[in-house]
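Okay, work-v4.cif is below, mmCIF, C-alpha atoms:
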```
data_entry
#
loop_
_atom_site.group_PDB
_atom_site.id
_atom_site.type_symbol
_atom_site.label_atom_id
_atom_site.label_comp_id
_atom_site.auth_asym_id
_atom_site.auth_seq_id
_atom_site.Cartn_x
_atom_site.Cartn_y
_atom_site.Cartn_z
ATOM 1 C CA MET A 1 286.050 188.128 159.980
ATOM 2 C CA ILE A 2 283.082 186.901 162.007
ATOM 3 C CA THR A 3 283.270 184.043 164.490
ATOM 4 C CA LEU A 4 280.336 181.731 165.160
ATOM 5 C CA ASN A 5 279.695 179.657 168.260
ATOM 6 C CA PRO A 6 277.506 176.667 167.254
ATOM 7 C CA GLU A 7 275.763 176.840 170.633
ATOM 8 C CA GLU A 8 274.702 180.442 170.092
ATOM 9 C CA ILE A 9 273.035 180.235 166.658
ATOM 10 C CA SER A 10 269.933 178.418 165.489
ATOM 11 C CA LEU A 11 270.151 174.875 164.165
ATOM 12 C CA LYS A 12 268.818 176.119 160.827
ATOM 13 C CA ASP A 13 271.554 178.748 160.493
ATOM 14 C CA LEU A 14 274.242 176.331 161.671
ATOM 15 C CA GLN A 15 273.202 173.668 159.181
ATOM 16 C CA ARG A 16 273.085 176.189 156.341
ATOM 17 C CA THR A 17 276.556 177.467 157.254
ATOM 18 C CA LEU A 18 278.024 173.964 157.356
ATOM 19 C CA GLN A 19 276.413 172.919 154.088
ATOM 20 C CA PHE A 20 277.858 175.950 152.349
ATOM 21 C CA ALA A 21 281.260 175.592 154.036
ATOM 22 C CA VAL A 22 281.770 171.870 153.448
ATOM 23 C CA GLY A 23 281.562 170.985 149.787
ATOM 24 C CA PRO A 24 281.338 169.849 147.140
ATOM 25 C CA ARG A 25 279.970 166.734 148.797
ATOM 26 C CA PRO A 26 279.496 163.441 146.929
ATOM 27 C CA ILE A 27 275.942 162.167 146.776
ATOM 28 C CA ALA A 28 274.877 158.670 147.815
ATOM 29 C CA LEU A 29 271.566 157.694 146.266
ATOM 30 C CA VAL A 30 270.555 154.903 148.638
ATOM 31 C CA SER A 31 267.975 152.186 148.125
ATOM 32 C CA SER A 32 266.763 150.288 151.191
ATOM 33 C CA ILE A 33 263.879 148.019 152.140
ATOM 34 C CA ASN A 34 261.736 147.422 155.224
ATOM 35 C CA ASN A 35 260.345 144.266 156.795
ATOM 36 C CA ASP A 36 257.196 144.529 154.678
ATOM 37 C CA GLY A 37 259.211 144.518 151.463
ATOM 38 C CA GLU A 38 258.548 148.215 150.803
ATOM 39 C CA VAL A 39 261.402 149.907 148.919
ATOM 40 C CA ASN A 40 262.794 153.358 149.691
ATOM 41 C CA LEU A 41 265.158 155.477 147.607
ATOM 42 C CA SER A 42 266.728 158.651 148.989
ATOM 43 C CA PRO A 43 269.865 160.787 148.429
ATOM 44 C CA PHE A 44 272.382 161.752 151.127
ATOM 45 C CA SER A 45 275.291 164.155 150.788
ATOM 46 C CA PHE A 46 276.747 163.418 154.210
ATOM 47 C CA TYR A 47 278.663 160.591 152.549
ATOM 48 C CA ASN A 48 282.090 159.328 151.546
ATOM 49 C CA ILE A 49 284.487 156.367 151.218
ATOM 50 C CA PHE A 50 286.404 155.539 154.392
ATOM 51 C CA SER A 51 288.318 152.350 153.638
ATOM 52 C CA SER A 52 289.426 150.218 150.695
ATOM 53 C CA ASN A 53 290.313 147.119 152.685
ATOM 54 C CA PRO A 54 287.641 146.321 153.669
ATOM 55 C CA PRO A 55 285.754 148.552 151.205
ATOM 56 C CA ILE A 56 283.676 150.823 153.441
ATOM 57 C CA LEU A 57 281.223 153.591 152.598
ATOM 58 C CA ILE A 58 279.527 155.718 155.248
ATOM 59 C CA PHE A 59 276.488 157.915 154.831
ATOM 60 C CA SER A 60 274.498 159.747 157.477
ATOM 61 C CA PRO A 61 270.705 160.120 157.471
ATOM 62 C CA ALA A 62 270.261 162.930 159.979
ATOM 63 C CA ARG A 63 267.193 163.288 162.165
ATOM 64 C CA ARG A 64 264.731 165.849 160.852
ATOM 65 C CA GLY A 65 265.520 169.355 162.028
ATOM 66 C CA ARG A 66 261.931 170.259 162.829
ATOM 67 C CA ASP A 67 261.120 167.477 165.275
ATOM 68 C CA GLY A 68 264.036 165.036 165.568
ATOM 69 C CA SER A 69 262.136 162.214 163.876
ATOM 70 C CA THR A 70 264.032 159.580 161.891
ATOM 71 C CA LYS A 71 263.913 159.064 158.137
ATOM 72 C CA ASN A 72 262.680 155.938 156.372
ATOM 73 C CA THR A 73 266.182 154.983 155.253
ATOM 74 C CA LEU A 74 267.449 154.868 158.828
ATOM 75 C CA ASP A 75 264.437 152.904 160.008
ATOM 76 C CA ASN A 76 264.933 150.452 157.137
ATOM 77 C CA VAL A 77 268.629 149.740 157.693
ATOM 78 C CA LEU A 78 268.018 149.169 161.386
ATOM 79 C CA SER A 79 265.545 146.445 160.373
ATOM 80 C CA ILE A 80 267.230 145.059 157.258
ATOM 81 C CA PRO A 81 270.916 146.047 157.206
ATOM 82 C CA GLU A 82 271.355 146.085 153.440
ATOM 83 C CA VAL A 83 271.540 148.951 150.919
ATOM 84 C CA VAL A 84 272.548 149.788 147.390
ATOM 85 C CA ILE A 85 274.496 153.040 147.049
ATOM 86 C CA HIS A 86 274.429 154.676 143.609
ATOM 87 C CA SER A 87 276.735 157.345 142.220
ATOM 88 C CA VAL A 88 274.806 160.339 140.890
ATOM 89 C CA SER A 89 275.579 161.757 137.452
ATOM 90 C CA ALA A 90 274.342 165.000 135.925
ATOM 91 C CA GLU A 91 271.982 163.004 133.713
ATOM 92 C CA MET A 92 269.999 161.862 136.758
ATOM 93 C CA VAL A 93 270.348 164.787 139.166
ATOM 94 C CA HIS A 94 266.770 166.058 138.828
ATOM 95 C CA GLN A 95 265.351 162.580 139.367
ATOM 96 C CA THR A 96 267.638 162.227 142.365
ATOM 97 C CA SER A 97 266.407 165.502 143.804
ATOM 98 C CA LEU A 98 262.803 164.405 143.299
ATOM 99 C CA SER A 99 263.504 161.202 145.231
ATOM 100 C CA SER A 100 264.411 163.333 148.269
ATOM 101 C CA THR A 101 260.761 164.382 148.614
ATOM 102 C CA GLU A 102 259.354 163.263 151.960
ATOM 103 C CA TYR A 103 256.711 160.919 150.619
ATOM 104 C CA ASP A 104 254.740 158.823 153.070
ATOM 105 C CA SER A 105 256.255 155.576 154.281
ATOM 106 C CA GLY A 106 255.604 152.818 151.772
ATOM 107 C CA VAL A 107 255.754 155.073 148.698
ATOM 108 C CA ASN A 108 258.333 153.759 146.212
ATOM 109 C CA GLU A 109 260.621 156.604 145.117
ATOM 110 C CA PHE A 110 261.871 154.476 142.209
ATOM 111 C CA VAL A 111 258.416 154.963 140.727
ATOM 112 C CA LYS A 112 257.972 158.573 141.815
ATOM 113 C CA ALA A 113 261.363 159.622 140.397
ATOM 114 C CA GLY A 114 261.004 157.553 137.229
ATOM 115 C CA PHE A 115 263.924 155.181 137.816
ATOM 116 C CA ASP A 116 263.839 151.655 136.404
ATOM 117 C CA SER A 117 264.859 149.071 138.999
ATOM 118 C CA VAL A 118 266.565 145.711 138.686
ATOM 119 C CA THR A 119 267.078 142.961 141.235
ATOM 120 C CA SER A 120 270.362 143.118 143.138
ATOM 121 C CA ASP A 121 272.695 140.127 143.346
ATOM 122 C CA THR A 122 273.634 140.044 147.042
ATOM 123 C CA VAL A 123 271.162 142.307 148.877
ATOM 124 C CA GLN A 124 267.391 142.686 149.056
ATOM 125 C CA PRO A 125 266.989 146.340 147.975
ATOM 126 C CA PRO A 126 266.863 146.737 144.183
ATOM 127 C CA ARG A 127 269.267 148.934 142.266
ATOM 128 C CA ILE A 128 268.768 151.599 139.612
ATOM 129 C CA LYS A 129 269.148 150.038 136.187
ATOM 130 C CA ASN A 130 270.915 152.933 134.462
ATOM 131 C CA ALA A 131 272.939 154.433 137.316
ATOM 132 C CA PRO A 132 276.602 154.824 136.291
ATOM 133 C CA ILE A 133 277.754 152.902 139.380
ATOM 134 C CA ALA A 134 275.759 150.866 141.896
ATOM 135 C CA MET A 135 277.373 149.324 144.982
ATOM 136 C CA GLU A 136 275.610 146.561 146.873
ATOM 137 C CA CYS A 137 276.421 146.814 150.571
ATOM 138 C CA HIS A 138 275.767 145.125 153.872
ATOM 139 C CA VAL A 139 275.430 147.478 156.834
ATOM 140 C CA LYS A 140 278.042 146.642 159.450
ATOM 141 C CA GLU A 141 276.976 149.186 162.063
ATOM 142 C CA VAL A 142 274.766 152.192 162.639
ATOM 143 C CA LYS A 143 276.272 154.706 165.041
ATOM 144 C CA SER A 144 273.944 157.339 166.453
ATOM 145 C CA LEU A 145 275.499 160.762 167.020
ATOM 146 C CA GLY A 146 272.617 162.110 169.063
ATOM 147 C CA GLU A 147 268.877 162.054 169.672
ATOM 148 C CA GLY A 148 267.934 165.657 168.949
ATOM 149 C CA PRO A 149 266.932 167.439 165.726
ATOM 150 C CA GLY A 150 269.720 167.408 163.115
ATOM 151 C CA ALA A 151 271.667 164.609 164.817
ATOM 152 C CA GLY A 152 273.443 162.297 162.387
ATOM 153 C CA ASN A 153 273.517 158.523 162.224
ATOM 154 C CA LEU A 154 276.588 156.960 160.668
ATOM 155 C CA VAL A 155 275.535 154.029 158.500
ATOM 156 C CA ILE A 156 278.730 152.018 157.991
ATOM 157 C CA CYS A 157 278.441 149.900 154.852
ATOM 158 C CA GLU A 158 280.731 147.219 153.448
ATOM 159 C CA ILE A 159 280.666 146.859 149.660
ATOM 160 C CA HIS A 160 280.064 143.350 148.372
ATOM 161 C CA LYS A 161 279.466 143.989 144.689
ATOM 162 C CA VAL A 162 280.003 146.917 142.312
ATOM 163 C CA HIS A 163 278.072 147.355 139.058
ATOM 164 C CA ILE A 164 279.561 149.756 136.485
ATOM 165 C CA GLN A 165 278.030 150.876 133.202
ATOM 166 C CA GLU A 166 280.399 150.361 130.285
ATOM 167 C CA ARG A 167 279.619 153.843 128.975
ATOM 168 C CA VAL A 168 281.670 155.421 131.791
ATOM 169 C CA LEU A 169 284.843 153.443 131.009
ATOM 170 C CA ASP A 170 287.829 154.599 128.980
ATOM 171 C CA ASP A 171 289.560 152.633 126.225
ATOM 172 C CA ASN A 172 291.512 150.669 128.843
ATOM 173 C CA GLY A 173 288.401 149.590 130.709
ATOM 174 C CA LYS A 174 289.025 151.979 133.591
ATOM 175 C CA LEU A 175 286.614 154.526 135.024
ATOM 176 C CA ASP A 176 286.783 157.788 133.097
ATOM 177 C CA GLN A 177 286.206 160.791 135.369
ATOM 178 C CA ASP A 178 284.834 162.932 132.575
ATOM 179 C CA LYS A 179 282.463 160.259 131.277
ATOM 180 C CA LEU A 180 281.161 159.651 134.798
ATOM 181 C CA ASN A 181 279.918 163.250 134.796
ATOM 182 C CA LEU A 182 279.232 163.156 138.531
ATOM 183 C CA VAL A 183 277.596 165.971 140.465
ATOM 184 C CA GLY A 184 278.340 167.200 143.969
ATOM 185 C CA ARG A 185 276.149 168.877 146.553
ATOM 186 C CA LEU A 186 276.701 172.391 147.843
ATOM 187 C CA GLY A 187 274.662 174.646 150.124
ATOM 188 C CA GLY A 188 271.020 175.534 149.578
ATOM 189 C CA ASP A 189 269.789 174.503 146.138
ATOM 190 C CA TRP A 190 273.278 174.479 144.645
ATOM 191 C CA TYR A 191 275.066 171.581 142.949
ATOM 192 C CA VAL A 192 278.360 171.365 141.060
ATOM 193 C CA ASN A 193 279.398 169.425 137.954
ATOM 194 C CA ALA A 194 282.487 167.226 138.160
ATOM 195 C CA ALA A 195 283.175 167.000 134.432
ATOM 196 C CA GLY A 196 284.463 168.997 131.479
ATOM 197 C CA ASP A 197 286.255 172.247 132.235
ATOM 198 C CA ALA A 198 285.519 171.828 135.946
ATOM 199 C CA LEU A 199 288.061 168.984 136.124
ATOM 200 C CA PHE A 200 291.721 169.650 136.785
ATOM 201 C CA GLU A 201 294.634 167.591 138.050
ATOM 202 C CA VAL A 202 296.947 168.266 140.971
ATOM 203 C CA GLU A 203 299.991 166.028 141.086
ATOM 204 C CA LYS A 204 300.097 164.149 144.371
ATOM 205 C CA PRO A 205 303.311 164.612 146.402
ATOM 206 C CA VAL A 206 303.911 160.882 146.636
ATOM 207 C CA LYS A 207 306.528 160.252 143.952
ATOM 208 C CA ASN A 208 308.922 162.903 145.194
ATOM 209 C CA LYS A 209 309.564 164.702 148.447
ATOM 210 C CA GLY A 210 309.009 168.341 147.536
ATOM 211 C CA ILE A 211 311.294 171.065 148.822
ATOM 212 C CA GLY A 212 308.338 172.799 150.498
ATOM 213 C CA VAL A 213 307.292 176.431 150.390
ATOM 214 C CA ASP A 214 309.706 177.247 153.228
ATOM 215 C CA ASN A 215 312.667 176.460 150.946
ATOM 216 C CA ILE A 216 311.521 178.692 148.106
ATOM 217 C CA PRO A 217 313.828 181.735 147.810
ATOM 218 C CA LYS A 218 312.383 184.723 149.664
ATOM 219 C CA PRO A 219 311.962 187.010 146.610
ATOM 220 C CA ILE A 220 309.758 184.316 145.061
ATOM 221 C CA ARG A 221 308.003 183.342 148.286
ATOM 222 C CA ASN A 222 307.102 186.979 148.975
ATOM 223 C CA SER A 223 305.887 187.615 145.438
ATOM 224 C CA THR A 224 302.932 189.964 145.031
ATOM 225 C CA VAL A 225 301.959 188.088 141.878
ATOM 226 C CA LEU A 226 302.136 184.427 142.818
ATOM 227 C CA THR A 227 299.329 182.933 144.918
ATOM 228 C CA GLY A 228 299.483 180.409 147.726
ATOM 229 C CA ASN A 229 298.433 177.753 145.231
ATOM 230 C CA ASN A 230 301.299 178.773 142.951
ATOM 231 C CA LEU A 231 303.758 178.460 145.829
ATOM 232 C CA GLY A 232 302.317 175.021 146.601
ATOM 233 C CA GLN A 233 303.046 173.974 143.023
ATOM 234 C CA LEU A 234 306.595 175.305 143.244
ATOM 235 C CA GLY A 235 307.156 173.629 146.610
ATOM 236 C CA ASN A 236 306.227 170.232 145.193
ATOM 237 C CA ILE A 237 309.413 170.012 143.124
ATOM 238 C CA GLU A 238 312.185 167.824 144.512
ATOM 239 C CA ILE A 239 315.227 169.234 142.707
ATOM 240 C CA LEU A 240 315.592 172.760 141.379
ATOM 241 C CA PRO A 241 316.759 173.291 137.786
ATOM 242 C CA GLN A 242 320.524 173.487 137.377
ATOM 243 C CA ASP A 243 322.136 176.886 136.809
ATOM 244 C CA ALA A 244 323.115 175.837 133.293
ATOM 245 C CA ASP A 245 319.470 175.104 132.455
ATOM 246 C CA VAL A 246 318.388 178.441 133.907
ATOM 247 C CA ILE A 247 321.034 180.291 131.903
ATOM 248 C CA ALA A 248 319.948 178.468 128.750
ATOM 249 C CA PHE A 249 316.388 179.596 129.416
ATOM 250 C CA LEU A 250 317.552 183.201 129.030
ATOM 251 C CA LYS A 251 317.270 182.627 125.284
ATOM 252 C CA HIS A 252 313.574 181.830 125.504
ATOM 253 C CA HIS A 253 311.665 184.396 123.461
ATOM 254 C CA ARG A 254 309.378 185.405 126.341
ATOM 255 C CA ILE A 255 312.355 186.045 128.599
ATOM 256 C CA GLU A 256 314.113 187.970 125.843
ATOM 257 C CA ASN A 257 311.022 190.112 125.407
ATOM 258 C CA ILE A 258 310.873 190.865 129.126
ATOM 259 C CA PHE A 259 314.505 191.976 129.224
ATOM 260 C CA ASN A 260 314.026 194.087 126.110
ATOM 261 C CA GLN A 261 310.863 195.606 127.552
ATOM 262 C CA THR A 262 312.419 197.118 130.673
ATOM 263 C CA SER A 263 315.721 197.654 132.431
ATOM 264 C CA ASP A 264 314.087 198.285 135.805
ATOM 265 C CA ALA A 265 314.852 195.320 138.074
ATOM 266 C CA PHE A 266 311.582 195.468 140.047
ATOM 267 C CA GLU A 267 309.415 195.799 136.962
ATOM 268 C CA ARG A 268 311.328 192.990 135.305
ATOM 269 C CA ARG A 269 310.822 190.743 138.332
ATOM 270 C CA GLU A 270 307.084 191.387 138.263
ATOM 271 C CA LEU A 271 306.888 190.544 134.543
ATOM 272 C CA ILE A 272 308.844 187.333 135.130
ATOM 273 C CA HIS A 273 306.529 186.394 137.980
ATOM 274 C CA HIS A 274 303.492 186.993 135.782
ATOM 275 C CA TYR A 275 305.007 184.739 133.133
ATOM 276 C CA ALA A 276 305.773 182.066 135.763
ATOM 277 C CA LYS A 277 302.195 182.292 137.001
ATOM 278 C CA GLU A 278 301.006 181.696 133.448
ATOM 279 C CA LEU A 279 303.241 178.621 133.186
ATOM 280 C CA LEU A 280 302.007 177.260 136.495
ATOM 281 C CA GLY A 281 298.448 177.687 135.272
ATOM 282 C CA VAL A 282 299.105 175.057 132.600
ATOM 283 C CA GLY A 283 301.145 172.789 134.874
ATOM 284 C CA LYS A 284 304.627 173.660 133.576
ATOM 285 C CA VAL A 285 306.281 173.784 136.990
ATOM 286 C CA GLU A 286 309.903 173.194 135.986
ATOM 287 C CA LYS A 287 309.670 175.810 133.255
ATOM 288 C CA ALA A 288 308.188 178.250 135.775
ATOM 289 C CA TRP A 289 311.110 177.599 138.103
ATOM 290 C CA LYS A 290 313.590 178.356 135.317
ATOM 291 C CA ALA A 291 311.868 181.663 134.669
ATOM 292 C CA LEU A 292 311.763 182.595 138.346
ATOM 293 C CA LEU A 293 315.390 181.689 138.988
ATOM 294 C CA ILE A 294 316.469 183.962 136.138
ATOM 295 C CA ASP A 295 315.723 186.887 138.431
ATOM 296 C CA GLY A 296 318.801 185.886 140.423
ATOM 297 C CA LEU A 297 320.856 185.692 137.253
ATOM 298 C CA ASN A 298 320.211 189.205 136.013
ATOM 299 C CA THR A 299 323.882 190.076 136.191
ATOM 300 C CA ILE A 300 324.637 187.213 133.824
ATOM 301 C CA LYS A 301 322.269 188.604 131.241
ATOM 302 C CA GLU A 302 323.553 192.118 131.726
ATOM 303 C CA LYS A 303 327.158 190.964 131.335
ATOM 304 C CA LYS A 304 326.228 189.077 128.163
ATOM 305 C CA ASP A 305 324.765 192.289 126.782
#
```

Please rewrite the model in this file as structure tokens.
Amino acid sequence: MITLNPEEISLKDLQRTLQFAVGPRPIALVSSINNDGEVNLSPFSFYNIFSSNPPILIFSPARRGRDGSTKNTLDNVLSIPEVVIHSVSAEMVHQTSLSSTEYDSGVNEFVKAGFDSVTSDTVQPPRIKNAPIAMECHVKEVKSLGEGPGAGNLVICEIHKVHIQERVLDDNGKLDQDKLNLVGRLGGDWYVNAAGDALFEVEKPVKNKGIGVDNIPKPIRNSTVLTGNNLGQLGNIEILPQDADVIAFLKHHRIENIFNQTSDAFERRELIHHYAKELLGVGKVEKAWKALLIDGLNTIKEKKD
């Protein structure tokens, strides 16, 4: 393992390291306007949601690394504290990237990137007509994090209106994560899709109070087959299966096959753990627990035989 001290490496190398290490990052495609009525559109991946009540988004237009100069978006919001923040889908990612070009002040990136604009309802900057989601915001505060090259500026925005395309809604009128087809930013030229096979669910530990990894029996916790993620899944269960349910699971055909395959206890344990790992891979946590707990009931099976 190498250890880096931010003060001992170049700003370029530090920024590259951070942009690879922290991701995927959501992308805010921000429209702003200056005192002369000139519109700017630019993407920022130093961005996220920070509050629902009030609804707050924060993005950070950093000073340019080469000379510490500020970007048009920052200059604009300091003059007219209003923006529209758009979610970026895969269908618009190349246009979004094009809008990041450092055109001269006064050049309209809506035009350069080929986006159609429409008038916003509550703010002066226009919004992208076909963006999946557009959020009209008033800027509450701009907090400078420094004056040198690469220094960020937190633009704290309160949402006042949200526009959503109907095409990204499910049958119940709710946002559909797959239909949104969002993209995230990674390091260098890399992006990531947030749709299709890339999506997966992890049950939040809010309904139950999981037993925790520390309460998983040691032979399972020290498994050479199960990963840390697998143990996290197992630790999220609140109540372990009853012995009667575990014993009943002995009749499952996969378990029967494992017992018929070998009489060696260590080999059998490894096969059971591989089967449990397979179950965890498709979210069948309780079933995986039944399989794993069978290892402690070997004598039962042997006595039955």

Find the nearest atom pair between each residue of segment 123-241 of chain A and segment 67-88 of chain A for residues within 9 Å, count all atoms listed in the file, give distances in Å to one decimal, sort rows by chain and ascending number, and present the table as JSON lines.
```
{"residue": "A:Val123", "atom": "CA", "partner": "A:Glu82", "partner_atom": "CA", "distance": 5.9}
{"residue": "A:Gln124", "atom": "CA", "partner": "A:Glu82", "partner_atom": "CA", "distance": 6.8}
{"residue": "A:Pro125", "atom": "CA", "partner": "A:Val83", "partner_atom": "CA", "distance": 6.0}
{"residue": "A:Pro126", "atom": "CA", "partner": "A:Val84", "partner_atom": "CA", "distance": 7.2}
{"residue": "A:Arg127", "atom": "CA", "partner": "A:Val84", "partner_atom": "CA", "distance": 6.1}
{"residue": "A:Ile128", "atom": "CA", "partner": "A:His86", "partner_atom": "CA", "distance": 7.6}
{"residue": "A:Ala131", "atom": "CA", "partner": "A:His86", "partner_atom": "CA", "distance": 6.5}
{"residue": "A:Pro132", "atom": "CA", "partner": "A:Ser87", "partner_atom": "CA", "distance": 6.4}
{"residue": "A:Ile133", "atom": "CA", "partner": "A:Ser87", "partner_atom": "CA", "distance": 5.4}
{"residue": "A:Ala134", "atom": "CA", "partner": "A:His86", "partner_atom": "CA", "distance": 4.4}
{"residue": "A:Met135", "atom": "CA", "partner": "A:Ile85", "partner_atom": "CA", "distance": 5.1}
{"residue": "A:Glu136", "atom": "CA", "partner": "A:Val84", "partner_atom": "CA", "distance": 4.5}
{"residue": "A:Cys137", "atom": "CA", "partner": "A:Val83", "partner_atom": "CA", "distance": 5.3}
{"residue": "A:His138", "atom": "CA", "partner": "A:Glu82", "partner_atom": "CA", "distance": 4.5}
{"residue": "A:Val139", "atom": "CA", "partner": "A:Pro81", "partner_atom": "CA", "distance": 4.7}
{"residue": "A:Lys140", "atom": "CA", "partner": "A:Pro81", "partner_atom": "CA", "distance": 7.5}
{"residue": "A:Glu141", "atom": "CA", "partner": "A:Pro81", "partner_atom": "CA", "distance": 8.4}
{"residue": "A:Val142", "atom": "CA", "partner": "A:Leu78", "partner_atom": "CA", "distance": 7.5}
{"residue": "A:Glu147", "atom": "CA", "partner": "A:Gly68", "partner_atom": "CA", "distance": 7.0}
{"residue": "A:Gly148", "atom": "CA", "partner": "A:Gly68", "partner_atom": "CA", "distance": 5.2}
{"residue": "A:Pro149", "atom": "CA", "partner": "A:Gly68", "partner_atom": "CA", "distance": 3.8}
{"residue": "A:Gly150", "atom": "CA", "partner": "A:Gly68", "partner_atom": "CA", "distance": 6.6}
{"residue": "A:Ala151", "atom": "CA", "partner": "A:Gly68", "partner_atom": "CA", "distance": 7.7}
{"residue": "A:Asn153", "atom": "CA", "partner": "A:Leu74", "partner_atom": "CA", "distance": 7.9}
{"residue": "A:Val155", "atom": "CA", "partner": "A:Leu74", "partner_atom": "CA", "distance": 8.1}
{"residue": "A:Cys157", "atom": "CA", "partner": "A:Val83", "partner_atom": "CA", "distance": 8.0}
{"residue": "A:Ile159", "atom": "CA", "partner": "A:Val84", "partner_atom": "CA", "distance": 8.9}
{"residue": "A:Leu180", "atom": "CA", "partner": "A:Val88", "partner_atom": "CA", "distance": 8.8}
{"residue": "A:Asn181", "atom": "CA", "partner": "A:Val88", "partner_atom": "CA", "distance": 8.5}
{"residue": "A:Leu182", "atom": "CA", "partner": "A:Val88", "partner_atom": "CA", "distance": 5.8}
{"residue": "A:Val183", "atom": "CA", "partner": "A:Val88", "partner_atom": "CA", "distance": 6.3}
{"residue": "A:Gly184", "atom": "CA", "partner": "A:Val88", "partner_atom": "CA", "distance": 8.3}
```

Find the spatial neighbours of segment 221-231 of chain A, counting all atoms listed in the file, within a cut-off of 7 Å - ignore same-chain residues fewer than 5 positions away - and output them as a PyMOL selection string.
chain A and resi 213+216+273-274+277+280

Tell me which residues come within 8 Å of (309.9, 182.8, 130.5), as an MDAnalysis selection string, counting only C-alpha atoms in the file's coordinates.
chainID A and resid 249:250 252:255 272 275:276 287:288 290:291

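Distances from A:Leu234, A:Leu145, A:Ala194, A:Leu297 to Leu279 of chain A were compared using all atoms listed in the file, and the smallest one belongs to A:Leu234.
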
Leu169 of chain A: which residues within 10 Å, counting only C-alpha atoms, same-chain residues fewer than 4 positions away excluded, as an MDAnalysis selection string?
chainID A and resid 132 164:165 173:180

Next, dump the selected residues to file, keeping only C-alpha atoms, as a PDB file, in the frame of the given file.
```pdb
ATOM      1  CA  PRO A 132     276.602 154.824 136.291  1.00  0.00           C
ATOM      2  CA  ILE A 164     279.561 149.756 136.485  1.00  0.00           C
ATOM      3  CA  GLN A 165     278.030 150.876 133.202  1.00  0.00           C
ATOM      4  CA  GLY A 173     288.401 149.590 130.709  1.00  0.00           C
ATOM      5  CA  LYS A 174     289.025 151.979 133.591  1.00  0.00           C
ATOM      6  CA  LEU A 175     286.614 154.526 135.024  1.00  0.00           C
ATOM      7  CA  ASP A 176     286.783 157.788 133.097  1.00  0.00           C
ATOM      8  CA  GLN A 177     286.206 160.791 135.369  1.00  0.00           C
ATOM      9  CA  ASP A 178     284.834 162.932 132.575  1.00  0.00           C
ATOM     10  CA  LYS A 179     282.463 160.259 131.277  1.00  0.00           C
ATOM     11  CA  LEU A 180     281.161 159.651 134.798  1.00  0.00           C
TER      12      LEU A 180
END
```

For Leu154 of chain A, which of A:Tyr47, A:Phe115, A:Phe20, A:Phe259 is the closest residue, counting only C-alpha atoms?
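Ranked by minimum distance to Leu154 of chain A, first place goes to A:Tyr47.
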
Within 10 Å of Val111 of chain A, counting all atoms listed in the file, which residues show up once you throw out same-chain ones fewer than 4 positions away? Write them as a tab-separated table (two decimals) with C-alpha atoms, keeping the file's coordinate frame, please.
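Printed below is selection.tsv as written:
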```
chain	number	residue	atom	x	y	z
A	41	LEU	CA	265.16	155.48	147.61
A	99	SER	CA	263.50	161.20	145.23
A	107	VAL	CA	255.75	155.07	148.70
A	115	PHE	CA	263.92	155.18	137.82
A	116	ASP	CA	263.84	151.66	136.40
A	117	SER	CA	264.86	149.07	139.00
```

Using only C-alpha atoms, which of A:Ile294, A:Ile239, A:Ile58, A:Leu29 sits nearest Gln95 of chain A?
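Going through A:Ile294, A:Ile239, A:Ile58, A:Leu29 one by one, the smallest distance to Gln95 of chain A is for A:Leu29.
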
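Checking A:Glu158, A:Arg66, A:Pro43, A:Val282 one by one against Thr101 of chain A, counting all atoms listed in the file, you find the shortest gap at A:Pro43.
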
Enclose the full set of atoms of segment 222-235 of chain A listed in the file within a box whose edges lie along x, y and z, apply 3 Å of padding to each of the six sides, and report centre and edge lengths in Å to one decimal as lines of an AutoDock Vina configuration file.
```
center_x = 302.8
center_y = 181.8
center_z = 145.4
size_x = 14.7
size_y = 22.3
size_z = 13.1
```

A:Arg167, A:Lys204, A:Lys251, A:Lys143 ranked by distance to Gly232 of chain A, top pick (using only C-alpha atoms):
A:Lys204

Compute the distance from (259.0, 147.8, 150.8) to each atom, counting all atoms listed in the file, keep the residues with any atom at most 9 Å away, and return them as a list in words; use the coordinates of the file.
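With a cut-off of 9 Å, the residues come to Ser32, Ile33, Asn34, Asn35, Asp36, Gly37, Glu38, Val39, Asn40, Ser105, Gly106, Val107, Asn108 and Pro125 of chain A.
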
How many Å separate atom CA of Thr262 of chain A from atom CA of Leu240 of chain A?
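Between these atoms lies a distance of 26.8 Å.
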